[in-house]
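*Asks:* Just work.pdb, nothing more (PDB, C-alpha atoms):
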```pdb
ATOM      1  CA  MET H   1       6.119 -14.942  -3.506
ATOM      2  CA  GLN H   2       8.413 -14.239  -6.418
ATOM      3  CA  PRO H   3      12.056 -13.090  -5.910
ATOM      4  CA  THR H   4      10.875  -9.497  -6.422
ATOM      5  CA  ALA H   5       7.819  -8.136  -4.626
ATOM      6  CA  THR H   6       5.443  -5.839  -6.500
ATOM      7  CA  VAL H   7       4.086  -2.891  -4.519
ATOM      8  CA  LEU H   8       1.258  -0.824  -5.955
ATOM      9  CA  VAL H   9       1.350   2.804  -4.775
ATOM     10  CA  TYR H  10      -1.832   4.853  -5.174
ATOM     11  CA  SER H  11      -1.809   8.617  -4.715
ATOM     12  CA  ASP H  12      -2.879  11.526  -6.873
ATOM     13  CA  ASN H  13       0.199  13.355  -5.537
ATOM     14  CA  ALA H  14       3.478  12.525  -7.298
ATOM     15  CA  SER H  15       5.435  13.770  -4.270
ATOM     16  CA  THR H  16       3.677  11.263  -1.998
ATOM     17  CA  ARG H  17       4.427   8.440  -4.418
ATOM     18  CA  GLU H  18       8.070   9.520  -4.435
ATOM     19  CA  GLN H  19       8.160   9.589  -0.606
ATOM     20  CA  VAL H  20       6.941   5.976  -0.596
ATOM     21  CA  ARG H  21       9.639   4.862  -3.049
ATOM     22  CA  LEU H  22      12.386   6.660  -1.146
ATOM     23  CA  ALA H  23      11.240   5.401   2.272
ATOM     24  CA  ALA H  24      11.082   1.779   1.108
ATOM     25  CA  GLY H  25      14.233   1.826  -0.981
ATOM     26  CA  ARG H  26      14.961  -1.248  -3.080
ATOM     27  CA  ARG H  27      14.491  -3.567  -0.109
ATOM     28  CA  PRO H  28      12.666  -2.387   3.048
ATOM     29  CA  ALA H  29      14.317  -5.126   5.172
ATOM     30  CA  THR H  30      17.019  -7.729   4.620
ATOM     31  CA  ASP H  31      14.627 -10.674   4.989
ATOM     32  CA  VAL H  32      12.151  -9.569   2.312
ATOM     33  CA  PRO H  33      12.554  -9.455  -1.471
ATOM     34  CA  GLU H  34      13.545  -6.379  -3.410
ATOM     35  CA  VAL H  35      10.528  -4.327  -4.409
ATOM     36  CA  GLU H  36       9.293  -3.041  -7.726
ATOM     37  CA  PHE H  37       6.784  -0.212  -7.658
ATOM     38  CA  ILE H  38       3.733   0.304  -9.797
ATOM     39  CA  GLU H  39       2.491   3.861  -9.409
ATOM     40  CA  CYS H  40      -1.154   4.776  -9.915
ATOM     41  CA  ALA H  41      -2.742   8.214  -9.762
ATOM     42  CA  THR H  42      -6.349   7.121 -10.406
ATOM     43  CA  LEU H  43      -8.747   4.495  -9.106
ATOM     44  CA  PRO H  44      -9.314   2.927 -12.558
ATOM     45  CA  ALA H  45      -5.541   2.365 -12.871
ATOM     46  CA  VAL H  46      -5.459   0.704  -9.423
ATOM     47  CA  LEU H  47      -8.302  -1.659 -10.313
ATOM     48  CA  GLU H  48      -6.772  -2.487 -13.692
ATOM     49  CA  HIS H  49      -3.457  -3.492 -12.101
ATOM     50  CA  LEU H  50      -5.167  -5.491  -9.354
ATOM     51  CA  ASP H  51      -7.304  -7.339 -11.902
ATOM     52  CA  GLY H  52      -4.090  -8.312 -13.687
ATOM     53  CA  GLY H  53      -2.748  -9.953 -10.502
ATOM     54  CA  GLY H  54       0.788 -10.117  -9.203
ATOM     55  CA  ILE H  55       0.494  -7.308  -6.653
ATOM     56  CA  ASP H  56       1.980  -8.246  -3.273
ATOM     57  CA  VAL H  57       1.076  -5.112  -1.259
ATOM     58  CA  CYS H  58      -0.974  -1.973  -1.918
ATOM     59  CA  VAL H  59       0.089   1.364  -0.430
ATOM     60  CA  LEU H  60      -2.910   3.706  -0.536
ATOM     61  CA  ASP H  61      -2.943   7.436   0.170
ATOM     62  CA  GLY H  62      -5.883   8.196   2.435
ATOM     63  CA  GLU H  63      -5.662  11.847   1.374
ATOM     64  CA  ALA H  64      -5.906  11.130  -2.387
ATOM     65  CA  LYS H  65      -8.618  12.836  -4.416
ATOM     66  CA  PRO H  66     -11.202  12.236  -5.718
ATOM     67  CA  ALA H  67     -11.098   8.618  -4.490
ATOM     68  CA  GLY H  68      -9.460   8.482  -1.059
ATOM     69  CA  GLY H  69      -7.286   5.539  -0.124
ATOM     70  CA  MET H  70      -9.556   4.507   2.737
ATOM     71  CA  GLY H  71     -12.517   3.984   0.440
ATOM     72  CA  VAL H  72     -10.294   2.377  -2.187
ATOM     73  CA  GLY H  73      -8.968  -0.041   0.432
ATOM     74  CA  ARG H  74     -12.461  -1.080   1.431
ATOM     75  CA  GLN H  75     -13.478  -1.458  -2.219
ATOM     76  CA  ILE H  76     -10.424  -3.636  -2.909
ATOM     77  CA  LYS H  77     -11.258  -5.917   0.009
ATOM     78  CA  ASP H  78     -14.884  -6.196  -1.167
ATOM     79  CA  GLU H  79     -14.248  -6.683  -4.876
ATOM     80  CA  ILE H  80     -10.833  -8.293  -5.448
ATOM     81  CA  PHE H  81     -10.536 -12.037  -4.807
ATOM     82  CA  GLN H  82      -7.640 -12.664  -2.410
ATOM     83  CA  ALA H  83      -6.852  -8.960  -2.252
ATOM     84  CA  PRO H  84      -3.284  -8.078  -1.304
ATOM     85  CA  PRO H  85      -2.603  -6.509   2.099
ATOM     86  CA  VAL H  86      -3.076  -2.756   2.321
ATOM     87  CA  LEU H  87      -0.788  -0.193   3.945
ATOM     88  CA  LEU H  88      -2.739   3.030   4.398
ATOM     89  CA  LEU H  89      -1.167   6.482   4.518
ATOM     90  CA  MET H  90      -3.201   8.669   6.888
ATOM     91  CA  GLY H  91      -3.188  12.408   7.389
ATOM     92  CA  ARG H  92      -3.645  12.215  11.170
ATOM     93  CA  PRO H  93      -3.071   9.561  13.845
ATOM     94  CA  GLN H  94      -6.689  10.167  14.950
ATOM     95  CA  ASP H  95      -7.805   8.573  11.675
ATOM     96  CA  ALA H  96      -6.652   5.111  12.808
ATOM     97  CA  TRP H  97     -10.275   4.037  13.290
ATOM     98  CA  LEU H  98     -10.908   4.822   9.619
ATOM     99  CA  ALA H  99      -7.972   2.610   8.685
ATOM    100  CA  THR H 100      -9.754  -0.199  10.544
ATOM    101  CA  TRP H 101     -12.984   0.578   8.669
ATOM    102  CA  SER H 102     -11.087   0.416   5.364
ATOM    103  CA  ARG H 103      -9.793  -3.069   6.301
ATOM    104  CA  ALA H 104      -6.174  -1.970   5.943
ATOM    105  CA  GLU H 105      -3.706  -4.354   7.562
ATOM    106  CA  ALA H 106      -1.361  -1.480   8.516
ATOM    107  CA  ALA H 107      -1.329   2.304   8.607
ATOM    108  CA  VAL H 108       1.249   5.066   8.953
ATOM    109  CA  THR H 109       0.828   8.830   9.089
ATOM    110  CA  LEU H 110       1.911  11.443   6.594
ATOM    111  CA  PRO H 111       4.450  12.841   6.154
ATOM    112  CA  ILE H 112       6.125   9.460   5.834
ATOM    113  CA  GLU H 113       8.722   8.601   8.448
ATOM    114  CA  PRO H 114      11.075   6.266   6.517
ATOM    115  CA  VAL H 115      11.906   3.746   9.259
ATOM    116  CA  GLU H 116       8.277   3.381  10.373
ATOM    117  CA  PHE H 117       7.111   3.001   6.782
ATOM    118  CA  ALA H 118       9.813   0.472   5.815
ATOM    119  CA  ASP H 119       9.021  -1.599   8.937
ATOM    120  CA  ALA H 120       5.289  -1.629   8.146
ATOM    121  CA  LEU H 121       5.871  -2.533   4.491
ATOM    122  CA  ALA H 122       8.343  -5.289   5.401
ATOM    123  CA  ALA H 123       5.853  -6.790   7.892
ATOM    124  CA  LEU H 124       3.179  -6.963   5.176
ATOM    125  CA  LEU H 125       5.614  -8.520   2.708
ATOM    126  CA  ARG H 126       6.549 -11.134   5.319
ATOM    127  CA  SER H 127       2.898 -11.945   5.993
ATOM    128  CA  ARG H 128       2.213 -12.226   2.269
ATOM    129  CA  ARG H 129       5.185 -14.577   1.867
ATOM    130  CA  SER H 130       4.044 -16.797   4.755
ATOM    131  CA  VAL H 131       0.516 -17.009   3.312
ATOM    132  CA  GLY H 132       1.883 -17.922  -0.134
ATOM    133  CA  ALA H 133       4.226 -20.592   1.260
TER     134      ALA H 133
END
```
Please lay out the structure from this file as structure tokens.
*Replies:*
Amino acid sequence: MQPTATVLVYSDNASTREQVRLAAGRRPATDVPEVEFIECATLPAVLEHLDGGGIDVCVLDGEAKPAGGMGVGRQIKDEIFQAPPVLLLMGRPQDAWLATWSRAEAAVTLPIEPVEFADALAALLRSRRSVGA
């Protein structure tokens, strides 16, 4: 992994994308790289950035419209070679089974709780770094 990690954030809601940036900060944990965010509000933008490579983790809003993050996560895992890990934002804890269906490696509920989110993001960045090593 490069010295800076690239995190793609997909949500049609600018406030949700901002919550992600604020919860993660510049570095979600001391043992992971600083993060740069790429924000996407549409599925075509997500796929374009993923096709270009260099994405370390995807944060997908399960409540996004018209393409929800759960379906986008599953599509990414089906269509993108060596897809990055996915952190899914869910509306309800009861939707955890859908996170499993979407093949997300981690999930947190909305509204975002900063410590929980930063911990989940840092764990995915660590796993990505160990795979790339």
*Asks:* So what do you get for atom CA of H:Thr42 versus atom CA of H:Arg103, distance-wise?
*Replies:*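 Between atom CA of H:Thr42 and atom CA of H:Arg103 the gap is 19.9 Å.
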*Asks:* I'd like the neighbourhood of H:Glu116 as a list in words, where a residue qualifies if any of its atoms comes within 12 Å (using only C-alpha atoms), though same-chain residues fewer than 4 positions away should be ignored.
*Replies:*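 Answer for this query is Val20, Ala23, Ala24, Pro28, Ala29, Leu87, Leu89, Ala106, Ala107, Val108, Thr109, Leu110, Pro111, Ile112, Ala120, Leu121, Ala122 and Ala123 of chain H.
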*Asks:* With all atoms listed in the file as the atoms that count, which of H:Leu124, H:Ala104, H:Val9, H:Leu50 lies nearest to H:Gly73?
*Replies:*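 Looking at the shortest contact to H:Gly73, the residue is H:Ala104.
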*Asks:* Identify all residues satisfying the PyMOL selection byres ((chain H and resi 102) around 8) in the given file; provide them as JSON, numbers by chain.
*Replies:* {"H": [70, 71, 72, 73, 74, 98, 99, 100, 101, 103, 104]}
*Asks:* What is the atom CA of H:Gly52 to atom CA of H:Gly69 distance in Å?
*Replies:*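 A separation of 19.6 Å between them.
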*Asks:* List every protein, DNA or RNA residue with an atom no more than 12 Å from (-7.5, 0.2, -10.8) in the file's coordinates, counting only C-alpha atoms, and format the result as a ChimeraX atom specification.
*Replies:* /H:8-11,38-53,55,58,60,67,69,72-73,75-76,79-80
*Asks:* In terms of the shortest atom-to-atom distance over only C-alpha atoms, which of H:Gly54, H:Pro66, H:Gly25, H:Pro93 is closest to H:Asn13?
*Replies:*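 With only C-alpha atoms as the atom set, the closest residue is H:Pro66.
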*Asks:* Which residue, H:Ala96, H:Asp56, H:Arg21, H:Thr16, has the smallest gap to H:Thr4 when you use all atoms listed in the file?
*Replies:*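 So, comparing all the options, the nearest one is H:Asp56.
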